[in-house]
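What follows is the content of coords_0.cif, which has mmCIF, C-alpha atoms:
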```cif
data_entry
#
loop_
_atom_site.group_PDB
_atom_site.id
_atom_site.type_symbol
_atom_site.label_atom_id
_atom_site.label_comp_id
_atom_site.auth_asym_id
_atom_site.auth_seq_id
_atom_site.Cartn_x
_atom_site.Cartn_y
_atom_site.Cartn_z
ATOM 1 C CA MET N 1 159.160 35.462 53.211
ATOM 2 C CA SER N 2 162.025 34.841 50.806
ATOM 3 C CA LYS N 3 165.180 33.306 52.209
ATOM 4 C CA ASN N 4 167.272 36.198 50.854
ATOM 5 C CA GLN N 5 165.720 38.708 53.265
ATOM 6 C CA PHE N 6 167.652 39.763 56.362
ATOM 7 C CA ASP N 7 167.066 42.078 59.307
ATOM 8 C CA LEU N 8 170.035 43.291 61.343
ATOM 9 C CA HIS N 9 168.279 45.794 63.614
ATOM 10 C CA LEU N 10 165.803 44.281 66.069
ATOM 11 C CA HIS N 11 165.175 45.156 69.715
ATOM 12 C CA THR N 12 164.095 42.969 72.620
ATOM 13 C CA TYR N 13 162.976 43.833 76.138
ATOM 14 C CA TYR N 14 166.648 44.025 77.137
ATOM 15 C CA SER N 15 166.515 47.610 75.861
ATOM 16 C CA ASP N 16 163.361 49.342 74.645
ATOM 17 C CA GLY N 17 161.616 46.541 72.799
ATOM 18 C CA VAL N 18 158.819 44.501 74.355
ATOM 19 C CA ASN N 19 159.518 40.986 73.039
ATOM 20 C CA ALA N 20 161.462 38.255 74.790
ATOM 21 C CA PRO N 21 164.428 37.059 72.674
ATOM 22 C CA GLU N 22 162.945 33.583 72.220
ATOM 23 C CA ASP N 23 159.580 34.973 71.089
ATOM 24 C CA LEU N 24 161.293 37.203 68.535
ATOM 25 C CA LEU N 25 163.516 34.373 67.291
ATOM 26 C CA ARG N 26 160.468 32.156 66.783
ATOM 27 C CA ARG N 27 158.834 34.844 64.656
ATOM 28 C CA ILE N 28 162.056 35.273 62.674
ATOM 29 C CA LYS N 29 162.110 31.518 62.102
ATOM 30 C CA LYS N 30 158.496 31.615 60.936
ATOM 31 C CA GLN N 31 159.349 34.386 58.470
ATOM 32 C CA ASN N 32 162.260 32.277 57.190
ATOM 33 C CA LEU N 33 164.766 35.127 57.374
ATOM 34 C CA ALA N 34 168.223 34.327 56.072
ATOM 35 C CA LEU N 35 169.918 36.230 58.894
ATOM 36 C CA ALA N 36 168.899 38.322 61.904
ATOM 37 C CA SER N 37 170.510 40.346 64.670
ATOM 38 C CA PHE N 38 169.315 41.813 67.951
ATOM 39 C CA THR N 39 170.889 45.221 68.487
ATOM 40 C CA ASP N 40 169.676 46.290 71.904
ATOM 41 C CA HIS N 41 170.812 49.709 73.025
ATOM 42 C CA ASN N 42 174.113 49.824 74.899
ATOM 43 C CA SER N 43 173.727 46.320 76.335
ATOM 44 C CA ILE N 44 175.506 43.010 75.732
ATOM 45 C CA ARG N 45 175.017 40.813 78.815
ATOM 46 C CA HIS N 46 172.149 38.944 77.137
ATOM 47 C CA ILE N 47 174.031 37.923 73.977
ATOM 48 C CA ARG N 48 175.219 34.481 75.094
ATOM 49 C CA GLN N 49 171.640 33.502 75.927
ATOM 50 C CA GLU N 50 170.449 34.663 72.499
ATOM 51 C CA ILE N 51 173.173 32.736 70.655
ATOM 52 C CA LEU N 52 172.109 29.535 72.417
ATOM 53 C CA LEU N 53 168.425 30.164 71.669
ATOM 54 C CA ALA N 54 169.187 30.832 68.003
ATOM 55 C CA LYS N 55 171.117 27.566 67.734
ATOM 56 C CA LYS N 56 168.230 25.711 69.350
ATOM 57 C CA LEU N 57 165.794 27.165 66.825
ATOM 58 C CA LYS N 58 168.258 26.918 63.893
ATOM 59 C CA VAL N 59 168.210 30.636 63.135
ATOM 60 C CA ASN N 60 171.237 32.330 61.593
ATOM 61 C CA PHE N 61 171.949 34.895 64.290
ATOM 62 C CA LEU N 62 174.560 37.645 64.240
ATOM 63 C CA PRO N 63 175.361 39.047 67.720
ATOM 64 C CA GLY N 64 174.814 42.802 67.763
ATOM 65 C CA ILE N 65 174.485 46.062 69.671
ATOM 66 C CA GLU N 66 173.307 49.622 68.993
ATOM 67 C CA ILE N 67 175.562 52.189 70.651
ATOM 68 C CA SER N 68 174.783 55.868 71.206
ATOM 69 C CA VAL N 69 177.823 57.771 69.946
ATOM 70 C CA VAL N 70 178.897 61.325 69.192
ATOM 71 C CA TYR N 71 180.995 62.584 66.292
ATOM 72 C CA GLU N 72 181.809 66.234 65.591
ATOM 73 C CA GLY N 73 179.008 67.232 67.926
ATOM 74 C CA ARG N 74 176.413 65.026 66.237
ATOM 75 C CA HIS N 75 174.519 62.291 68.059
ATOM 76 C CA LEU N 76 174.567 59.105 65.983
ATOM 77 C CA HIS N 77 173.698 55.435 66.435
ATOM 78 C CA LEU N 78 176.401 52.886 65.717
ATOM 79 C CA LEU N 79 175.560 49.240 65.052
ATOM 80 C CA GLY N 80 178.181 46.687 66.051
ATOM 81 C CA TYR N 81 178.157 43.052 64.924
ATOM 82 C CA ASN N 82 180.011 39.774 65.507
ATOM 83 C CA PHE N 83 182.312 41.288 68.162
ATOM 84 C CA ASP N 84 183.713 39.535 71.225
ATOM 85 C CA TYR N 85 181.002 40.353 73.743
ATOM 86 C CA LYS N 86 183.213 38.954 76.514
ATOM 87 C CA ASN N 87 185.977 41.485 75.865
ATOM 88 C CA PRO N 88 186.782 43.134 79.261
ATOM 89 C CA GLU N 89 187.280 46.648 77.877
ATOM 90 C CA LEU N 90 184.051 46.525 75.913
ATOM 91 C CA GLU N 91 182.148 45.079 78.876
ATOM 92 C CA LYS N 92 183.459 47.853 81.131
ATOM 93 C CA ILE N 93 182.538 50.662 78.734
ATOM 94 C CA ILE N 94 179.048 49.318 78.067
ATOM 95 C CA PHE N 95 178.401 48.717 81.762
ATOM 96 C CA GLU N 96 179.495 52.271 82.656
ATOM 97 C CA ILE N 97 177.368 53.957 80.002
ATOM 98 C CA GLY N 98 174.398 51.847 81.139
ATOM 99 C CA ALA N 99 174.915 52.775 84.794
ATOM 100 C CA LYS N 100 175.122 56.469 83.925
ATOM 101 C CA ARG N 101 171.952 56.307 81.860
ATOM 102 C CA ARG N 102 170.116 54.436 84.597
ATOM 103 C CA ALA N 103 171.024 57.217 87.038
ATOM 104 C CA GLY N 104 169.917 59.762 84.446
ATOM 105 C CA ILE N 105 166.531 58.089 84.008
ATOM 106 C CA PHE N 106 165.969 58.206 87.780
ATOM 107 C CA LYS N 107 166.693 61.957 87.565
ATOM 108 C CA VAL N 108 164.114 62.234 84.770
ATOM 109 C CA ALA N 109 161.583 60.452 87.002
ATOM 110 C CA ALA N 110 162.348 62.860 89.854
ATOM 111 C CA LYS N 111 161.726 65.848 87.573
ATOM 112 C CA LEU N 112 158.435 64.333 86.467
ATOM 113 C CA ARG N 113 157.378 63.845 90.089
ATOM 114 C CA ASN N 114 158.163 67.513 90.691
ATOM 115 C CA LEU N 115 155.769 68.265 87.838
ATOM 116 C CA GLY N 116 153.086 66.216 89.590
ATOM 117 C CA PHE N 117 153.356 62.977 87.582
ATOM 118 C CA ASP N 118 152.954 59.597 89.256
ATOM 119 C CA ILE N 119 156.165 57.759 88.331
ATOM 120 C CA GLN N 120 158.072 55.818 90.982
ATOM 121 C CA ASN N 121 161.619 54.453 90.949
ATOM 122 C CA SER N 122 160.241 51.106 92.099
ATOM 123 C CA GLU N 123 158.341 50.829 88.803
ATOM 124 C CA LEU N 124 161.531 51.333 86.819
ATOM 125 C CA LYS N 125 163.455 48.809 88.911
ATOM 126 C CA LYS N 126 160.976 46.102 87.894
ATOM 127 C CA LEU N 127 161.959 46.405 84.228
ATOM 128 C CA ARG N 128 163.840 43.569 82.519
ATOM 129 C CA ALA N 129 165.862 46.077 80.527
ATOM 130 C CA GLU N 130 169.630 46.252 80.855
ATOM 131 C CA TYR N 131 169.538 49.785 79.483
ATOM 132 C CA PHE N 132 166.874 52.278 80.549
ATOM 133 C CA GLY N 133 165.378 54.712 78.081
ATOM 134 C CA LEU N 134 162.739 57.425 77.941
ATOM 135 C CA SER N 135 160.330 54.992 76.310
ATOM 136 C CA HIS N 136 160.222 52.973 79.537
ATOM 137 C CA ILE N 137 159.017 56.000 81.495
ATOM 138 C CA ILE N 138 156.533 56.929 78.781
ATOM 139 C CA HIS N 139 155.012 53.436 78.675
ATOM 140 C CA ILE N 140 154.593 53.399 82.460
ATOM 141 C CA LEU N 141 152.828 56.779 82.415
ATOM 142 C CA LEU N 142 150.568 55.985 79.462
ATOM 143 C CA LYS N 143 149.208 52.920 81.261
ATOM 144 C CA LYS N 144 147.765 55.212 83.952
ATOM 145 C CA PRO N 145 144.526 56.834 82.736
ATOM 146 C CA GLN N 146 144.996 60.120 84.595
ATOM 147 C CA GLU N 147 148.596 60.515 83.449
ATOM 148 C CA ARG N 148 147.708 59.562 79.888
ATOM 149 C CA LYS N 149 144.941 62.154 79.825
ATOM 150 C CA ARG N 150 147.311 64.866 81.040
ATOM 151 C CA ILE N 151 150.054 63.894 78.563
ATOM 152 C CA ILE N 152 147.682 64.019 75.606
ATOM 153 C CA LYS N 153 146.422 67.404 76.723
ATOM 154 C CA GLU N 154 149.915 68.872 77.174
ATOM 155 C CA ALA N 155 151.908 67.117 74.433
ATOM 156 C CA GLY N 156 148.986 66.993 72.015
ATOM 157 C CA SER N 157 149.323 63.278 71.372
ATOM 158 C CA ALA N 158 150.110 59.885 72.890
ATOM 159 C CA ASP N 159 152.746 59.400 70.187
ATOM 160 C CA ILE N 160 156.071 58.566 71.818
ATOM 161 C CA PHE N 161 158.036 61.045 69.700
ATOM 162 C CA ALA N 162 155.612 63.883 70.419
ATOM 163 C CA ILE N 163 155.941 63.142 74.133
ATOM 164 C CA ILE N 164 159.735 63.096 73.968
ATOM 165 C CA ASN N 165 159.771 66.405 72.097
ATOM 166 C CA PHE N 166 157.475 68.050 74.649
ATOM 167 C CA TYR N 167 158.957 66.854 77.947
ATOM 168 C CA PHE N 168 162.425 65.464 77.345
ATOM 169 C CA THR N 169 164.254 67.643 74.817
ATOM 170 C CA GLU N 170 166.432 70.526 76.022
ATOM 171 C CA ALA N 171 163.427 72.862 76.134
ATOM 172 C CA GLY N 172 161.365 70.350 78.111
ATOM 173 C CA ASP N 173 160.784 70.459 81.850
ATOM 174 C CA ALA N 174 162.007 66.881 82.393
ATOM 175 C CA TYR N 175 165.168 67.068 80.285
ATOM 176 C CA VAL N 176 168.283 65.301 81.520
ATOM 177 C CA PRO N 177 171.270 65.101 79.133
ATOM 178 C CA GLU N 178 172.488 61.659 78.067
ATOM 179 C CA GLY N 179 176.166 60.871 77.670
ATOM 180 C CA TYR N 180 177.393 59.481 74.352
ATOM 181 C CA LEU N 181 180.523 57.514 73.521
ATOM 182 C CA PRO N 182 183.111 58.747 70.978
ATOM 183 C CA ALA N 183 182.192 57.261 67.602
ATOM 184 C CA VAL N 184 185.671 56.501 66.250
ATOM 185 C CA LYS N 185 186.785 55.013 69.562
ATOM 186 C CA MET N 186 183.848 52.596 69.539
ATOM 187 C CA ILE N 187 184.348 51.730 65.861
ATOM 188 C CA LYS N 188 187.954 50.812 66.565
ATOM 189 C CA LEU N 189 187.075 48.856 69.715
ATOM 190 C CA ILE N 190 184.388 46.812 67.954
ATOM 191 C CA LYS N 191 186.832 46.048 65.147
ATOM 192 C CA ALA N 192 189.614 45.186 67.613
ATOM 193 C CA THR N 193 187.333 42.555 69.172
ATOM 194 C CA GLY N 194 186.727 40.887 65.813
ATOM 195 C CA GLY N 195 183.543 42.731 64.852
ATOM 196 C CA PHE N 196 182.378 45.226 62.272
ATOM 197 C CA THR N 197 180.195 48.326 62.375
ATOM 198 C CA SER N 198 177.420 49.993 60.426
ATOM 199 C CA LEU N 199 175.950 53.474 60.849
ATOM 200 C CA ALA N 200 172.286 53.085 61.804
ATOM 201 C CA HIS N 201 169.615 54.962 59.805
ATOM 202 C CA PRO N 202 171.946 57.852 58.830
ATOM 203 C CA GLY N 203 169.087 59.738 57.209
ATOM 204 C CA SER N 204 167.375 60.222 60.574
ATOM 205 C CA HIS N 205 170.432 61.973 62.066
ATOM 206 C CA LEU N 206 172.141 63.632 59.105
ATOM 207 C CA ARG N 207 171.232 65.792 56.123
ATOM 208 C CA LEU N 208 172.046 64.558 52.642
ATOM 209 C CA TYR N 209 174.695 67.256 52.295
ATOM 210 C CA GLU N 210 176.537 65.875 55.335
ATOM 211 C CA ASP N 211 177.977 62.902 53.481
ATOM 212 C CA GLY N 212 181.438 64.256 54.276
ATOM 213 C CA LEU N 213 180.901 63.274 57.906
ATOM 214 C CA ILE N 214 180.162 59.696 56.876
ATOM 215 C CA ALA N 215 183.269 59.720 54.685
ATOM 216 C CA LYS N 216 185.330 60.730 57.722
ATOM 217 C CA LEU N 217 183.818 57.895 59.752
ATOM 218 C CA ALA N 218 184.642 55.505 56.910
ATOM 219 C CA ALA N 219 188.225 56.747 57.028
ATOM 220 C CA GLY N 220 188.108 56.082 60.789
ATOM 221 C CA GLY N 221 187.136 52.458 60.234
ATOM 222 C CA LEU N 222 183.348 52.397 59.719
ATOM 223 C CA ASP N 223 182.457 49.260 57.745
ATOM 224 C CA GLY N 224 178.872 49.746 56.602
ATOM 225 C CA LEU N 225 175.745 51.860 56.184
ATOM 226 C CA GLU N 226 172.228 50.854 57.161
ATOM 227 C CA VAL N 227 170.584 51.791 53.874
ATOM 228 C CA PHE N 228 167.353 49.786 53.945
ATOM 229 C CA THR N 229 165.345 50.972 56.932
ATOM 230 C CA PRO N 230 161.806 52.310 57.457
ATOM 231 C CA LYS N 231 163.444 55.460 58.822
ATOM 232 C CA HIS N 232 164.543 56.297 55.262
ATOM 233 C CA ASN N 233 162.309 57.443 52.444
ATOM 234 C CA TRP N 234 162.925 56.139 48.931
ATOM 235 C CA ASP N 235 165.179 59.063 47.981
ATOM 236 C CA GLN N 236 167.327 58.464 51.065
ATOM 237 C CA ILE N 237 167.586 54.743 50.324
ATOM 238 C CA ILE N 238 168.890 55.466 46.838
ATOM 239 C CA HIS N 239 171.206 58.216 48.096
ATOM 240 C CA TYR N 240 172.823 56.124 50.815
ATOM 241 C CA GLU N 241 173.087 53.039 48.612
ATOM 242 C CA VAL N 242 175.066 55.096 46.101
ATOM 243 C CA LEU N 243 177.156 56.608 48.908
ATOM 244 C CA ALA N 244 177.931 53.185 50.370
ATOM 245 C CA LYS N 245 179.183 52.015 46.982
ATOM 246 C CA LYS N 246 181.272 55.163 46.590
ATOM 247 C CA LEU N 247 182.865 54.747 50.028
ATOM 248 C CA ARG N 248 183.154 50.959 49.652
ATOM 249 C CA LEU N 249 180.937 50.348 52.675
ATOM 250 C CA ALA N 250 178.794 47.262 53.204
ATOM 251 C CA VAL N 251 175.034 47.825 52.805
ATOM 252 C CA THR N 252 172.947 46.594 55.743
ATOM 253 C CA ALA N 253 169.198 46.376 56.270
ATOM 254 C CA GLY N 254 167.188 46.647 59.466
ATOM 255 C CA SER N 255 163.670 47.322 60.631
ATOM 256 C CA ASN N 256 164.616 49.049 63.915
ATOM 257 C CA TYR N 257 161.859 46.852 65.287
ATOM 258 C CA HIS N 258 160.500 47.705 68.752
ATOM 259 C CA GLU N 259 156.974 46.246 68.379
ATOM 260 C CA ASP N 260 155.238 49.424 69.484
ATOM 261 C CA PHE N 261 156.523 51.434 66.537
ATOM 262 C CA HIS N 262 156.009 48.786 63.865
ATOM 263 C CA GLN N 263 153.250 46.616 65.276
ATOM 264 C CA HIS N 264 153.878 42.967 64.340
ATOM 265 C CA ASP N 265 155.524 43.316 60.968
ATOM 266 C CA ILE N 266 158.867 41.594 60.424
ATOM 267 C CA PRO N 267 161.174 42.122 58.722
ATOM 268 C CA ILE N 268 160.985 45.694 57.419
ATOM 269 C CA VAL N 269 157.825 47.740 57.317
ATOM 270 C CA THR N 270 157.136 51.268 56.105
ATOM 271 C CA PRO N 271 153.956 53.331 55.952
ATOM 272 C CA LEU N 272 153.639 51.957 52.410
ATOM 273 C CA GLY N 273 153.868 48.332 53.479
ATOM 274 C CA PHE N 274 156.672 45.788 53.313
ATOM 275 C CA LEU N 275 160.003 47.077 52.109
ATOM 276 C CA LYS N 276 161.811 44.022 50.765
ATOM 277 C CA THR N 277 165.485 44.312 50.046
ATOM 278 C CA PRO N 278 166.575 43.258 46.546
ATOM 279 C CA PRO N 279 168.083 39.737 46.583
ATOM 280 C CA LYS N 280 171.438 41.112 45.426
ATOM 281 C CA VAL N 281 171.691 43.176 48.645
ATOM 282 C CA TYR N 282 171.788 40.083 50.829
ATOM 283 C CA ALA N 283 174.072 38.305 48.368
ATOM 284 C CA ALA N 284 176.523 41.209 48.551
ATOM 285 C CA PHE N 285 176.325 41.285 52.341
ATOM 286 C CA LEU N 286 176.896 37.540 52.534
ATOM 287 C CA GLN N 287 180.011 37.995 50.411
ATOM 288 C CA TYR N 288 181.140 40.755 52.783
ATOM 289 C CA LEU N 289 180.739 38.406 55.754
ATOM 290 C CA GLN N 290 182.759 35.723 54.051
ATOM 291 C CA GLU N 291 185.581 38.098 53.122
ATOM 292 C CA HIS N 292 185.819 40.159 56.317
ATOM 293 C CA THR N 293 184.582 38.053 59.246
ATOM 294 C CA ASN N 294 184.653 34.545 60.669
ATOM 295 C CA PHE N 295 180.848 34.352 60.647
ATOM 296 C CA LYS N 296 179.184 31.859 58.309
ATOM 297 C CA PRO N 297 175.412 31.261 58.123
ATOM 298 C CA ILE N 298 174.766 27.532 58.497
ATOM 299 C CA TYR N 299 170.990 27.112 58.259
#
```

Please render this file's structure as structure tokens.
Amino acid sequence: MSKNQFDLHLHTYYSDGVNAPEDLLRRIKKQNLALASFTDHNSIRHIRQEILLAKKLKVNFLPGIEISVVYEGRHLHLLGYNFDYKNPELEKIIFEIGAKRRAGIFKVAAKLRNLGFDIQNSELKKLRAEYFGLSHIIHILLKKPQERKRIIKEAGSADIFAIINFYFTEAGDAYVPEGYLPAVKMIKLIKATGGFTSLAHPGSHLRLYEDGLIAKLAAGGLDGLEVFTPKHNWDQIIHYEVLAKKLRLAVTAGSNYHEDFHQHDIPIVTPLGFLKTPPKVYAAFLQYLQEHTNFKPIY
């Protein structure tokens, strides 16, 4: 893998990935990535450990997070990088949103038990994750042959997204709403702690004609757009790359890697195969880092 490739959207078992941080860092090292970041959902307590591991393995590592936010009624995912993960206000907010979601997931489990599913709170409490998600419940159920058989019959598939759509959306019998943080507030907080932000896979949450919403976020302090992602088709990649240039936003790239969704392919994989970012994309991002942050790749 060329040294000008970077991946700023990877998940570990601290949210809904399955890999230990050290295992993932070793694979990143093997792929010779120029820069990588773990952006686990709404969780930051693991970051110090990951920084130390990255130094040990000589991997250029950018501390990160993926935050569930809301803006003008739209649910979006905000990526934060290079922030002060020890900031008391940030720690408090992230801890509270995690505690609320944990309680919500236990409510989801209770609804599933009422539907006759075998899912126990004790199984959830064994998870390493700092932030619980629906995927944790789904994985537990799919490992049980009887539950898997029922899910496939009812949802029509063992695909995680099909299962979420059937049971856990507003029309589903196990739906429990999730709270989201205000987007502009979180953008400003990340920036106030020395970090910068990028809007994750905008094409999976917004229509192309909703660029005005991204422009408003840019006016509110948003720093970048995740343009290169397997969640975008080629038309979306071109569209958002042009938009980022128009709004003077940094272009970021990320695989949204969870292992289960993308098997063992790092960095970025699509149904068509590897999606390599043009060398100039990393060069431009490296220039952005040098001009706007105190982070400097050293390996």

Evaluate the PyMOL selection byres ((chain N and resi 280-282) around 8) and record the selected residues as a list in words, following the chain and residue labels used in the document. Asn4, Gln5, Phe6, Val251, Thr252, Thr277, Pro278, Pro279, Ala283, Ala284, Phe285 and Leu286 of chain N

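Around Lys231 of chain N, within 10 Å and counting only C-alpha atoms, the residues found are Ala200, His201, Pro202, Gly203, Ser204, Val227, Phe228, Thr229, Asn233, Trp234, Gln236, Ile237, Gly254, Ser255, Asn256, Val269 and Thr270 of chain N, once anything fewer than 2 positions away on its own chain is removed.
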
Could the residues in this selection be written to a file with C-alpha atoms, as a short mmCIF file (atom, residue, chain, number, x, y, z; two decimals), keeping the file's coordinate frame?
```
data_model
loop_
_atom_site.label_atom_id
_atom_site.label_comp_id
_atom_site.auth_asym_id
_atom_site.auth_seq_id
_atom_site.Cartn_x
_atom_site.Cartn_y
_atom_site.Cartn_z
CA ALA N 200 172.29 53.08 61.80
CA HIS N 201 169.62 54.96 59.80
CA PRO N 202 171.95 57.85 58.83
CA GLY N 203 169.09 59.74 57.21
CA SER N 204 167.38 60.22 60.57
CA VAL N 227 170.58 51.79 53.87
CA PHE N 228 167.35 49.79 53.94
CA THR N 229 165.34 50.97 56.93
CA ASN N 233 162.31 57.44 52.44
CA TRP N 234 162.93 56.14 48.93
CA GLN N 236 167.33 58.46 51.06
CA ILE N 237 167.59 54.74 50.32
CA GLY N 254 167.19 46.65 59.47
CA SER N 255 163.67 47.32 60.63
CA ASN N 256 164.62 49.05 63.92
CA VAL N 269 157.82 47.74 57.32
CA THR N 270 157.14 51.27 56.10
#
```

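Once the PyMOL selection byres ((chain N and resi 178) around 8) is applied to the shown structure, the selection contains Arg101, Gly104, Val176, Pro177, Gly179 and Tyr180 of chain N.
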
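Each of N:His46, N:Lys153, N:Lys143, N:Lys245 was compared to Glu91 of chain N using all atoms listed in the file, and N:His46 turns out to be the nearest.
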
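Using only C-alpha atoms, the shortest contact distance between Gly194 of chain N and any of N:Arg113, N:Lys126, N:Lys276, N:Lys86 is found at N:Lys86.
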
Working from the structure I just supplied, which lacks atoms in segment 145-153 of chain N, can you model all heavy atoms there and output them as a short mmCIF file (atom, residue, chain, number, x, y, z; two decimals), keeping the file's coordinate frame?
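After the write, result-v3.cif holds the following:
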```
data_model
loop_
_atom_site.label_atom_id
_atom_site.label_comp_id
_atom_site.auth_asym_id
_atom_site.auth_seq_id
_atom_site.Cartn_x
_atom_site.Cartn_y
_atom_site.Cartn_z
N PRO N 145 145.51 55.98 83.42
CA PRO N 145 144.53 56.83 82.74
C PRO N 145 144.68 58.33 83.01
O PRO N 145 144.60 59.14 82.08
CB PRO N 145 143.19 56.30 83.26
CG PRO N 145 143.47 54.87 83.60
CD PRO N 145 144.87 54.86 84.13
N GLN N 146 144.89 58.71 84.26
CA GLN N 146 145.00 60.12 84.60
C GLN N 146 146.24 60.74 83.97
O GLN N 146 146.20 61.87 83.46
CB GLN N 146 145.02 60.30 86.12
CG GLN N 146 144.79 61.73 86.58
CD GLN N 146 143.41 62.27 86.19
OE1 GLN N 146 142.43 61.52 86.09
NE2 GLN N 146 143.33 63.57 85.93
N GLU N 147 147.36 60.00 84.02
CA GLU N 147 148.60 60.52 83.45
C GLU N 147 148.50 60.58 81.93
O GLU N 147 148.98 61.53 81.30
CB GLU N 147 149.78 59.63 83.87
CG GLU N 147 149.90 59.38 85.36
CD GLU N 147 149.97 60.67 86.15
OE1 GLU N 147 150.55 61.66 85.67
OE2 GLU N 147 149.43 60.70 87.27
N ARG N 148 147.88 59.58 81.35
CA ARG N 148 147.71 59.56 79.89
C ARG N 148 146.87 60.76 79.43
O ARG N 148 147.22 61.43 78.44
CB ARG N 148 147.03 58.26 79.47
CG ARG N 148 146.86 58.12 77.96
CD ARG N 148 146.10 56.84 77.60
NE ARG N 148 145.97 56.69 76.17
CZ ARG N 148 146.85 56.10 75.38
NH1 ARG N 148 147.94 55.59 75.91
NH2 ARG N 148 146.64 56.01 74.08
N LYS N 149 145.80 61.02 80.17
CA LYS N 149 144.94 62.15 79.82
C LYS N 149 145.71 63.47 79.87
O LYS N 149 145.59 64.32 78.98
CB LYS N 149 143.76 62.19 80.80
CG LYS N 149 142.75 63.30 80.53
CD LYS N 149 141.59 63.22 81.52
CE LYS N 149 140.60 64.34 81.28
NZ LYS N 149 139.47 64.29 82.26
N ARG N 150 146.53 63.63 80.90
CA ARG N 150 147.31 64.87 81.04
C ARG N 150 148.34 64.99 79.92
O ARG N 150 148.53 66.07 79.35
CB ARG N 150 148.01 64.89 82.39
CG ARG N 150 148.93 66.10 82.57
CD ARG N 150 149.63 66.12 83.90
NE ARG N 150 150.66 67.15 83.92
CZ ARG N 150 151.46 67.41 84.95
NH1 ARG N 150 151.35 66.67 86.06
NH2 ARG N 150 152.37 68.36 84.88
N ILE N 151 149.02 63.87 79.60
CA ILE N 151 150.05 63.89 78.56
C ILE N 151 149.46 64.29 77.22
O ILE N 151 150.01 65.12 76.49
CB ILE N 151 150.76 62.52 78.48
CG1 ILE N 151 151.67 62.33 79.69
CG2 ILE N 151 151.56 62.40 77.18
CD1 ILE N 151 152.22 60.92 79.83
N ILE N 152 148.32 63.70 76.88
CA ILE N 152 147.68 64.02 75.61
C ILE N 152 147.28 65.49 75.55
O ILE N 152 147.42 66.16 74.53
CB ILE N 152 146.46 63.10 75.37
CG1 ILE N 152 146.93 61.66 75.17
CG2 ILE N 152 145.65 63.58 74.17
CD1 ILE N 152 145.81 60.64 75.07
N LYS N 153 146.81 65.99 76.67
CA LYS N 153 146.42 67.40 76.72
C LYS N 153 147.63 68.32 76.55
O LYS N 153 147.57 69.32 75.82
CB LYS N 153 145.73 67.70 78.06
CG LYS N 153 145.28 69.15 78.21
CD LYS N 153 144.60 69.37 79.54
CE LYS N 153 144.16 70.84 79.69
NZ LYS N 153 143.49 71.08 80.99
#
```
